[in-house]
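As stored in model_28.tsv (TSV, C-alpha atoms):
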chain	number	residue	atom	x	y	z
A	1	THR	CA	-60.14	-30.75	-45.77
A	2	GLN	CA	-61.77	-28.98	-42.85
A	3	LEU	CA	-60.43	-25.47	-42.30
A	4	LEU	CA	-60.30	-23.50	-39.08
A	5	GLU	CA	-59.61	-19.80	-39.29
A	6	GLN	CA	-58.51	-17.95	-36.18
A	7	SER	CA	-58.72	-14.22	-35.66
A	8	PRO	CA	-57.02	-12.02	-35.02
A	9	GLN	CA	-53.71	-13.51	-36.14
A	10	PHE	CA	-51.79	-11.20	-33.80
A	11	LEU	CA	-52.98	-9.31	-30.73
A	12	SER	CA	-50.98	-7.10	-28.40
A	13	ILE	CA	-52.71	-5.50	-25.44
A	14	GLN	CA	-51.90	-3.96	-22.08
A	15	GLU	CA	-51.99	-5.93	-18.85
A	16	GLY	CA	-55.41	-5.76	-17.24
A	17	GLU	CA	-57.41	-5.44	-20.46
A	18	ASN	CA	-59.97	-7.95	-21.70
A	19	LEU	CA	-59.77	-9.72	-25.04
A	20	THR	CA	-61.56	-12.24	-27.21
A	21	VAL	CA	-60.12	-14.46	-29.93
A	22	TYR	CA	-62.17	-16.41	-32.41
A	23	CYS	CA	-62.05	-19.74	-34.18
A	24	ASN	CA	-64.35	-20.15	-37.20
A	25	SER	CA	-65.14	-22.81	-39.74
A	26	SER	CA	-67.73	-23.65	-42.36
A	27	SER	CA	-67.66	-27.25	-41.13
A	28	VAL	CA	-69.40	-28.77	-38.15
A	29	PHE	CA	-67.11	-30.27	-35.54
A	30	SER	CA	-68.05	-32.88	-32.98
A	31	SER	CA	-65.84	-31.17	-30.42
A	32	LEU	CA	-63.28	-28.45	-30.21
A	33	GLN	CA	-60.11	-28.05	-28.19
A	34	TRP	CA	-58.08	-24.99	-27.24
A	35	TYR	CA	-54.31	-25.16	-26.71
A	36	ARG	CA	-51.71	-22.66	-25.58
A	37	GLN	CA	-48.19	-22.88	-26.93
A	38	GLU	CA	-45.26	-20.98	-25.44
A	39	PRO	CA	-42.06	-20.25	-27.40
A	40	GLY	CA	-39.87	-23.32	-27.76
A	41	GLU	CA	-42.53	-25.61	-26.35
A	42	GLY	CA	-45.26	-27.87	-27.66
A	43	PRO	CA	-48.95	-27.03	-27.35
A	44	VAL	CA	-50.64	-27.72	-24.02
A	45	LEU	CA	-54.35	-28.51	-23.84
A	46	LEU	CA	-56.47	-25.91	-22.04
A	47	VAL	CA	-60.00	-27.16	-22.56
A	48	THR	CA	-62.30	-29.32	-24.67
A	49	VAL	CA	-65.86	-28.26	-25.51
A	50	VAL	CA	-68.29	-30.81	-26.85
A	51	THR	CA	-71.88	-29.55	-26.78
A	52	GLY	CA	-73.19	-26.73	-28.95
A	53	GLY	CA	-73.54	-23.60	-26.81
A	54	GLU	CA	-71.30	-25.01	-24.10
A	55	VAL	CA	-69.38	-22.55	-21.96
A	56	LYS	CA	-66.38	-23.56	-19.86
A	57	LYS	CA	-64.34	-21.40	-17.52
A	58	LEU	CA	-60.74	-21.84	-16.52
A	59	LYS	CA	-59.92	-19.10	-14.01
A	60	ARG	CA	-59.89	-15.89	-16.11
A	61	LEU	CA	-60.39	-17.75	-19.40
A	62	THR	CA	-63.88	-18.40	-20.76
A	63	PHE	CA	-64.39	-20.75	-23.70
A	64	GLN	CA	-67.58	-21.02	-25.73
A	65	PHE	CA	-68.62	-23.47	-28.43
A	66	GLY	CA	-71.04	-22.07	-30.97
A	67	ASP	CA	-74.59	-23.38	-31.07
A	68	ALA	CA	-74.03	-24.87	-34.52
A	69	ARG	CA	-70.64	-26.31	-33.48
A	70	LYS	CA	-68.88	-24.41	-36.29
A	71	ASP	CA	-67.15	-21.78	-34.21
A	72	SER	CA	-65.68	-21.06	-30.81
A	73	SER	CA	-64.35	-18.14	-28.82
A	74	LEU	CA	-61.86	-17.63	-26.04
A	75	HIS	CA	-62.33	-14.63	-23.76
A	76	ILE	CA	-59.62	-13.58	-21.31
A	77	THR	CA	-60.49	-11.21	-18.48
A	78	ALA	CA	-57.85	-8.93	-16.97
A	79	ALA	CA	-55.03	-10.29	-19.10
A	80	GLN	CA	-51.69	-10.93	-17.44
A	81	PRO	CA	-48.19	-11.28	-18.93
A	82	GLY	CA	-48.37	-15.01	-18.20
A	83	ASP	CA	-51.18	-15.28	-20.76
A	84	THR	CA	-48.70	-14.46	-23.53
A	85	GLY	CA	-48.46	-17.25	-26.09
A	86	LEU	CA	-49.84	-18.80	-29.24
A	87	TYR	CA	-53.45	-19.93	-28.85
A	88	LEU	CA	-54.55	-22.75	-31.13
A	89	CYS	CA	-58.00	-24.20	-31.62
A	90	ALA	CA	-58.43	-27.72	-32.95
A	91	GLY	CA	-61.65	-29.22	-34.22
A	92	ALA	CA	-62.46	-32.90	-34.20
A	93	TRP	CA	-64.22	-34.05	-37.37
A	94	GLY	CA	-64.44	-37.75	-36.72
A	95	PHE	CA	-63.60	-40.55	-34.37
A	96	GLY	CA	-59.99	-40.64	-33.30
A	97	ASN	CA	-57.49	-38.01	-32.29
A	98	GLU	CA	-55.91	-38.23	-35.74
A	99	LYS	CA	-58.99	-36.50	-37.05
A	100	LEU	CA	-58.11	-33.16	-35.51
A	101	THR	CA	-57.80	-30.04	-37.64
A	102	PHE	CA	-55.73	-27.28	-36.07
A	103	GLY	CA	-56.42	-23.61	-36.61
A	104	THR	CA	-53.89	-21.09	-37.80
A	105	GLY	CA	-53.37	-19.65	-34.31
A	106	THR	CA	-53.58	-16.29	-32.53
A	107	ARG	CA	-50.31	-14.94	-31.20
A	108	LEU	CA	-51.12	-12.99	-28.04
A	109	THR	CA	-48.73	-10.60	-26.32
A	110	ILE	CA	-49.62	-8.99	-22.99
A	111	ILE	CA	-47.61	-5.88	-22.27
A	112	PRO	CA	-46.83	-5.28	-18.57
B	1	ASN	CA	-41.16	-36.53	-15.28
B	2	ALA	CA	-40.06	-36.59	-18.92
B	3	GLY	CA	-43.35	-37.07	-20.81
B	4	VAL	CA	-42.60	-36.77	-24.54
B	5	THR	CA	-38.98	-36.19	-25.54
B	6	GLN	CA	-37.83	-35.27	-29.03
B	7	THR	CA	-34.28	-35.42	-30.34
B	8	PRO	CA	-32.61	-33.49	-31.80
B	9	LYS	CA	-34.01	-30.05	-30.92
B	10	PHE	CA	-32.35	-28.29	-33.86
B	11	ARG	CA	-30.89	-29.53	-37.13
B	12	VAL	CA	-29.69	-28.03	-40.40
B	13	LEU	CA	-29.66	-30.31	-43.44
B	14	LYS	CA	-28.51	-29.87	-46.99
B	15	THR	CA	-30.97	-30.66	-49.76
B	16	GLY	CA	-30.90	-34.38	-50.48
B	17	GLN	CA	-29.55	-35.45	-47.10
B	18	SER	CA	-31.43	-37.86	-44.90
B	19	MET	CA	-32.15	-37.84	-41.19
B	20	THR	CA	-34.28	-39.42	-38.50
B	21	LEU	CA	-36.16	-37.61	-35.76
B	22	LEU	CA	-36.70	-39.59	-32.59
B	23	CYS	CA	-39.71	-39.31	-30.30
B	24	ALA	CA	-39.79	-41.13	-26.97
B	25	GLN	CA	-42.64	-41.20	-24.46
B	26	ASP	CA	-42.60	-42.68	-20.97
B	27	MET	CA	-46.36	-42.64	-20.31
B	28	ASN	CA	-47.10	-46.05	-21.84
B	29	HIS	CA	-49.34	-44.40	-24.45
B	30	GLU	CA	-50.65	-46.47	-27.33
B	31	TYR	CA	-51.09	-43.62	-29.78
B	32	MET	CA	-48.39	-41.40	-31.21
B	33	TYR	CA	-48.42	-38.65	-33.81
B	34	TRP	CA	-46.02	-36.55	-35.87
B	35	TYR	CA	-47.03	-33.00	-36.83
B	36	ARG	CA	-45.33	-30.17	-38.64
B	37	GLN	CA	-45.98	-26.54	-37.77
B	38	ASP	CA	-45.54	-23.81	-40.33
B	39	PRO	CA	-46.31	-20.10	-39.95
B	40	GLY	CA	-49.92	-19.30	-40.75
B	41	MET	CA	-50.85	-22.95	-41.29
B	42	GLY	CA	-51.27	-24.41	-37.83
B	43	LEU	CA	-50.27	-27.98	-37.06
B	44	ARG	CA	-50.64	-30.58	-39.79
B	45	LEU	CA	-50.56	-34.32	-39.17
B	46	ILE	CA	-47.84	-36.18	-41.06
B	47	HIS	CA	-48.19	-39.77	-39.82
B	48	TYR	CA	-49.58	-41.47	-36.76
B	49	SER	CA	-49.51	-44.82	-35.01
B	50	VAL	CA	-52.23	-46.60	-33.08
B	51	GLY	CA	-49.88	-49.13	-31.53
B	52	GLU	CA	-46.54	-50.86	-31.69
B	53	GLY	CA	-45.79	-52.05	-35.22
B	54	THR	CA	-48.54	-49.99	-36.86
B	55	THR	CA	-48.40	-46.69	-38.75
B	56	ALA	CA	-50.80	-44.70	-40.91
B	57	LYS	CA	-50.70	-41.65	-43.15
B	58	GLY	CA	-51.95	-38.30	-42.01
B	59	GLU	CA	-52.72	-35.15	-43.94
B	60	VAL	CA	-49.23	-34.44	-45.35
B	61	PRO	CA	-47.27	-37.74	-45.52
B	62	ASP	CA	-45.31	-37.25	-48.76
B	63	GLY	CA	-41.53	-37.21	-48.31
B	64	TYR	CA	-41.67	-38.79	-44.85
B	65	ASN	CA	-41.56	-42.29	-43.45
B	66	VAL	CA	-42.18	-43.52	-39.93
B	67	SER	CA	-41.60	-46.58	-37.81
B	68	ARG	CA	-42.95	-47.75	-34.44
B	69	LEU	CA	-40.83	-50.77	-33.55
B	70	LYS	CA	-41.18	-50.17	-29.84
B	71	LYS	CA	-44.26	-48.83	-28.06
B	72	GLN	CA	-42.39	-45.96	-26.49
B	73	ASN	CA	-40.63	-44.75	-29.64
B	74	PHE	CA	-41.91	-43.21	-32.87
B	75	LEU	CA	-39.35	-42.33	-35.54
B	76	LEU	CA	-39.84	-39.87	-38.37
B	77	GLY	CA	-37.51	-40.20	-41.35
B	78	LEU	CA	-36.69	-37.88	-44.20
B	79	GLU	CA	-35.01	-39.87	-46.98
B	80	SER	CA	-34.08	-36.94	-49.22
B	81	ALA	CA	-34.66	-33.60	-47.53
B	82	ALA	CA	-36.11	-30.70	-49.51
B	83	PRO	CA	-36.33	-26.99	-48.60
B	84	SER	CA	-40.12	-27.38	-48.39
B	85	GLN	CA	-39.55	-29.61	-45.36
B	86	THR	CA	-38.10	-26.73	-43.38
B	87	SER	CA	-40.45	-26.60	-40.42
B	88	VAL	CA	-40.89	-27.24	-36.71
B	89	TYR	CA	-41.79	-30.87	-36.07
B	90	PHE	CA	-43.81	-31.97	-33.06
B	91	CYS	CA	-44.41	-35.42	-31.73
B	92	ALA	CA	-47.41	-36.15	-29.52
B	93	SER	CA	-48.84	-39.13	-27.70
B	94	SER	CA	-52.15	-40.06	-26.10
B	95	TYR	CA	-53.35	-43.03	-24.07
B	96	SER	CA	-56.52	-43.46	-26.05
B	97	ARG	CA	-57.77	-42.84	-29.56
B	98	VAL	CA	-61.15	-41.78	-28.21
B	99	MET	CA	-62.01	-38.29	-29.26
B	100	ASN	CA	-61.05	-35.57	-26.81
B	101	THR	CA	-58.35	-37.58	-25.11
B	102	GLU	CA	-55.57	-35.17	-24.30
B	103	ALA	CA	-52.51	-35.39	-26.51
B	104	PHE	CA	-49.17	-34.57	-24.88
B	105	PHE	CA	-46.66	-32.83	-27.09
B	106	GLY	CA	-42.88	-32.79	-27.14
B	107	GLN	CA	-40.85	-29.59	-27.28
B	108	GLY	CA	-40.36	-29.73	-31.02
B	109	THR	CA	-37.51	-30.10	-33.49
B	110	ARG	CA	-36.62	-27.10	-35.62
B	111	LEU	CA	-35.38	-28.36	-38.98
B	112	THR	CA	-33.88	-26.16	-41.66
B	113	VAL	CA	-33.13	-27.57	-45.10
B	114	VAL	CA	-30.77	-25.45	-47.19
Would you kindly transcribe this structure into structure tokens?
Amino acid sequence: TQLLEQSPQFLSIQEGENLTVYCNSSSVFSSLQWYRQEPGEGPVLLVTVVTGGEVKKLKRLTFQFGDARKDSSLHITAAQPGDTGLYLCAGAWGFGNEKLTFGTGTRLTIIP
Amino acid sequence: NAGVTQTPKFRVLKTGQSMTLLCAQDMNHEYMYWYRQDPGMGLRLIHYSVGEGTTAKGEVPDGYNVSRLKKQNFLLGLESAAPSQTSVYFCASSYSRVMNTEAFFGQGTRLTVV
């Protein structure tokens, strides 16, 4: 079973600050996805990274896939209350969406 | 614009009771999935389906059964509920099985087994 550890588990910061959350594994993944989940809702896909070292930006969010494809990070610049939520990473370890391993999640709270 | 709809949204069961969770999608997706989400453990795949009439086991299938009689519906059954099945259940669907295809999730069903 592939494992994905996310850190920190909880993070509470003031509006306007920057933050980084991490997703780490001892396994190599062919691709990695990041989701955001709001209370009472299902996860919503933010981005997919495929190539080792790849960096993708989504407005104030920057996603990076590690060179060895074992880890990833999500950096948020100038956090806003709307960024509050549970951030999940999911690594693909084979062909087919059923071969996705989800991380344990980082619960982010942005204080106005 | 419904997307993926799960019913019911909340349910309390007594140990040993049975129930069925319904997932319906209106996007004509071939692939559907059932996950459970537990604190500190992320989402874990229970069963999935790659098309009408087909189902397959995921990571944690024990104690659950599924059926996909119609393309738009994917049912998850608990024959004899146990407290360990207390969880939030999510259904998802995708149009392709190709890696990185976006999966669309329902709003979840919070199940408590007492």
### Message
Please determine, counting all atoms listed in the file, which residue among A:Ala92, A:Leu74, A:Leu58, A:Ile111 has the shortest atom-to-atom distance to A:Gln6.
### Response
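The closest residue to A:Gln6 is A:Leu74.
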### Message
My list of candidates is A:Pro43, A:Val55, A:Gly91, A:Leu4. Which is closest to A:His75 when distances are computed with all atoms listed in the file?
### Response
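Between A:Pro43, A:Val55, A:Gly91, A:Leu4, the residue approaching A:His75 most closely is A:Val55.
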### Task
Please provide the set of residues having any atom within 6 Å of A:Glu54, restricted to all atoms listed in the file, with same-chain residues fewer than 3 positions apart removed, written as number ranges by chain.
A: 51, 64-65
### Message
I want to know what sits within 7 Å of stretch 76-84 of chain B, based on only C-alpha atoms, with residues of the same chain fewer than 3 positions away left out; could you give that as a count of residues only?
### Response
15
#### Entry: Counting all atoms listed in the file, the option among B:Gly3, B:Pro61, B:Gly51, B:Gly40 closest to chain A
B:Gly40
### Query
So how far away is atom CA of B:Lys71 from atom CA of B:Ser96, in Å?
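Atom CA of B:Lys71 lies at a distance of 13.5 Å from atom CA of B:Ser96.
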### Task
Give me, as a VMD selection string, the contact residues of chain B against chain A at a cut-off of 12 Å, counting all atoms listed in the file.
chain B and resid 3 to 6 9 to 10 30 to 50 55 to 60 88 to 110
### Query
How many Å separate atom CA of A:Ser25 from atom CA of A:Ile76?
21.3 Å
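Between atom CA of B:Arg68 and atom CA of A:Tyr35 the interatomic distance comes to 26.4 Å.
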Counting all atoms listed in the file, find the residues whose atoms lie at most 6 Å from (-74.5, -20.8, -28.1) (file coordinates) and write them out as a compact mmCIF listing (two decimals) with C-alpha atoms, keeping the file's coordinate frame.
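Written file, out_22.txt:
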# COMPACT_ATOMS: atom_id res chain seq x y z
CA GLY A 53 -73.54 -23.60 -26.81
CA GLY A 66 -71.04 -22.07 -30.97
CA ASP A 67 -74.59 -23.38 -31.07
### Task
Fewer than 3 positions away in the same chain doesn't count, so skip those; otherwise give me all residues within 8 Å of A:Pro8, counting all atoms listed in the file, as a list in words.
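Here the qualifying residues turn out to be Leu11, Val21, Tyr22 and Thr106 of chain A.
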Skipping near chain neighbours, those fewer than 5 positions away, what residues fall within 8 Å of A:Thr77 using only C-alpha atoms, listed as a PDB file with C-alpha atoms, in the frame of the given file?
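For reference, result.pdb as written:
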ATOM      1  CA  GLY A  16     -55.410  -5.760 -17.240  1.00  0.00           C
ATOM      2  CA  GLU A  17     -57.410  -5.440 -20.460  1.00  0.00           C
ATOM      3  CA  ASN A  18     -59.970  -7.950 -21.700  1.00  0.00           C
ATOM      4  CA  LEU A  19     -59.770  -9.720 -25.040  1.00  0.00           C
ATOM      5  CA  ARG A  60     -59.890 -15.890 -16.110  1.00  0.00           C
ATOM      6  CA  LEU A  61     -60.390 -17.750 -19.400  1.00  0.00           C
TER       7      LEU A  61
END
Got a moment to write stretch 63-87 of chain B out with N, CA and C atoms, as a compact mmCIF listing (two decimals), in the first residue's frame?
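Resulting contents of out.txt:
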# COMPACT_ATOMS: atom_id res chain seq x y z
N GLY B 63 -17.34 -5.96 3.97
CA GLY B 63 -18.53 -5.45 4.64
C GLY B 63 -19.43 -4.62 3.74
N TYR B 64 -19.01 -4.45 2.49
CA TYR B 64 -19.78 -3.64 1.53
C TYR B 64 -20.04 -4.43 0.26
N ASN B 65 -21.18 -4.12 -0.37
CA ASN B 65 -21.44 -4.64 -1.71
C ASN B 65 -21.93 -3.49 -2.58
N VAL B 66 -21.77 -3.64 -3.88
CA VAL B 66 -22.14 -2.57 -4.80
C VAL B 66 -22.86 -3.17 -6.00
N SER B 67 -23.61 -2.30 -6.67
CA SER B 67 -24.24 -2.70 -7.93
C SER B 67 -24.33 -1.50 -8.86
N ARG B 68 -24.18 -1.79 -10.16
CA ARG B 68 -24.23 -0.75 -11.19
C ARG B 68 -25.16 -1.26 -12.30
N LEU B 69 -26.45 -1.28 -12.00
CA LEU B 69 -27.43 -1.80 -12.95
C LEU B 69 -27.71 -0.81 -14.07
N LYS B 70 -27.59 0.47 -13.74
CA LYS B 70 -27.77 1.52 -14.73
C LYS B 70 -26.51 2.38 -14.76
N LYS B 71 -26.17 2.90 -15.90
CA LYS B 71 -24.94 3.66 -16.06
C LYS B 71 -24.88 4.85 -15.10
N GLN B 72 -26.01 5.47 -14.86
CA GLN B 72 -26.00 6.70 -14.07
C GLN B 72 -26.03 6.46 -12.57
N ASN B 73 -26.27 5.22 -12.15
CA ASN B 73 -26.42 4.95 -10.71
C ASN B 73 -25.39 3.94 -10.21
N PHE B 74 -24.90 4.19 -9.01
CA PHE B 74 -23.95 3.26 -8.37
C PHE B 74 -24.39 3.14 -6.91
N LEU B 75 -24.79 1.94 -6.51
CA LEU B 75 -25.33 1.72 -5.18
C LEU B 75 -24.29 1.06 -4.28
N LEU B 76 -24.23 1.52 -3.05
CA LEU B 76 -23.35 0.92 -2.05
C LEU B 76 -24.21 0.35 -0.94
N GLY B 77 -24.06 -0.94 -0.67
CA GLY B 77 -24.87 -1.60 0.34
C GLY B 77 -24.07 -2.05 1.54
N LEU B 78 -24.67 -1.91 2.71
CA LEU B 78 -24.12 -2.46 3.93
C LEU B 78 -25.12 -3.51 4.40
N GLU B 79 -24.74 -4.76 4.40
CA GLU B 79 -25.68 -5.83 4.75
C GLU B 79 -25.92 -5.93 6.25
N SER B 80 -24.88 -5.74 7.03
CA SER B 80 -24.97 -5.84 8.48
C SER B 80 -24.01 -4.81 9.07
N ALA B 81 -24.53 -3.61 9.32
CA ALA B 81 -23.67 -2.50 9.70
C ALA B 81 -22.94 -2.76 11.02
N ALA B 82 -21.70 -2.27 11.07
CA ALA B 82 -20.87 -2.37 12.27
C ALA B 82 -20.36 -0.98 12.64
N PRO B 83 -20.08 -0.74 13.92
CA PRO B 83 -19.58 0.58 14.34
C PRO B 83 -18.34 1.03 13.55
N SER B 84 -17.53 0.08 13.10
CA SER B 84 -16.33 0.42 12.33
C SER B 84 -16.68 1.02 10.97
N GLN B 85 -17.93 0.93 10.57
CA GLN B 85 -18.35 1.51 9.30
C GLN B 85 -18.90 2.93 9.46
N THR B 86 -18.82 3.45 10.67
CA THR B 86 -19.12 4.86 10.89
C THR B 86 -18.09 5.68 10.13
N SER B 87 -18.57 6.53 9.22
CA SER B 87 -17.65 7.25 8.35
C SER B 87 -18.45 8.23 7.49
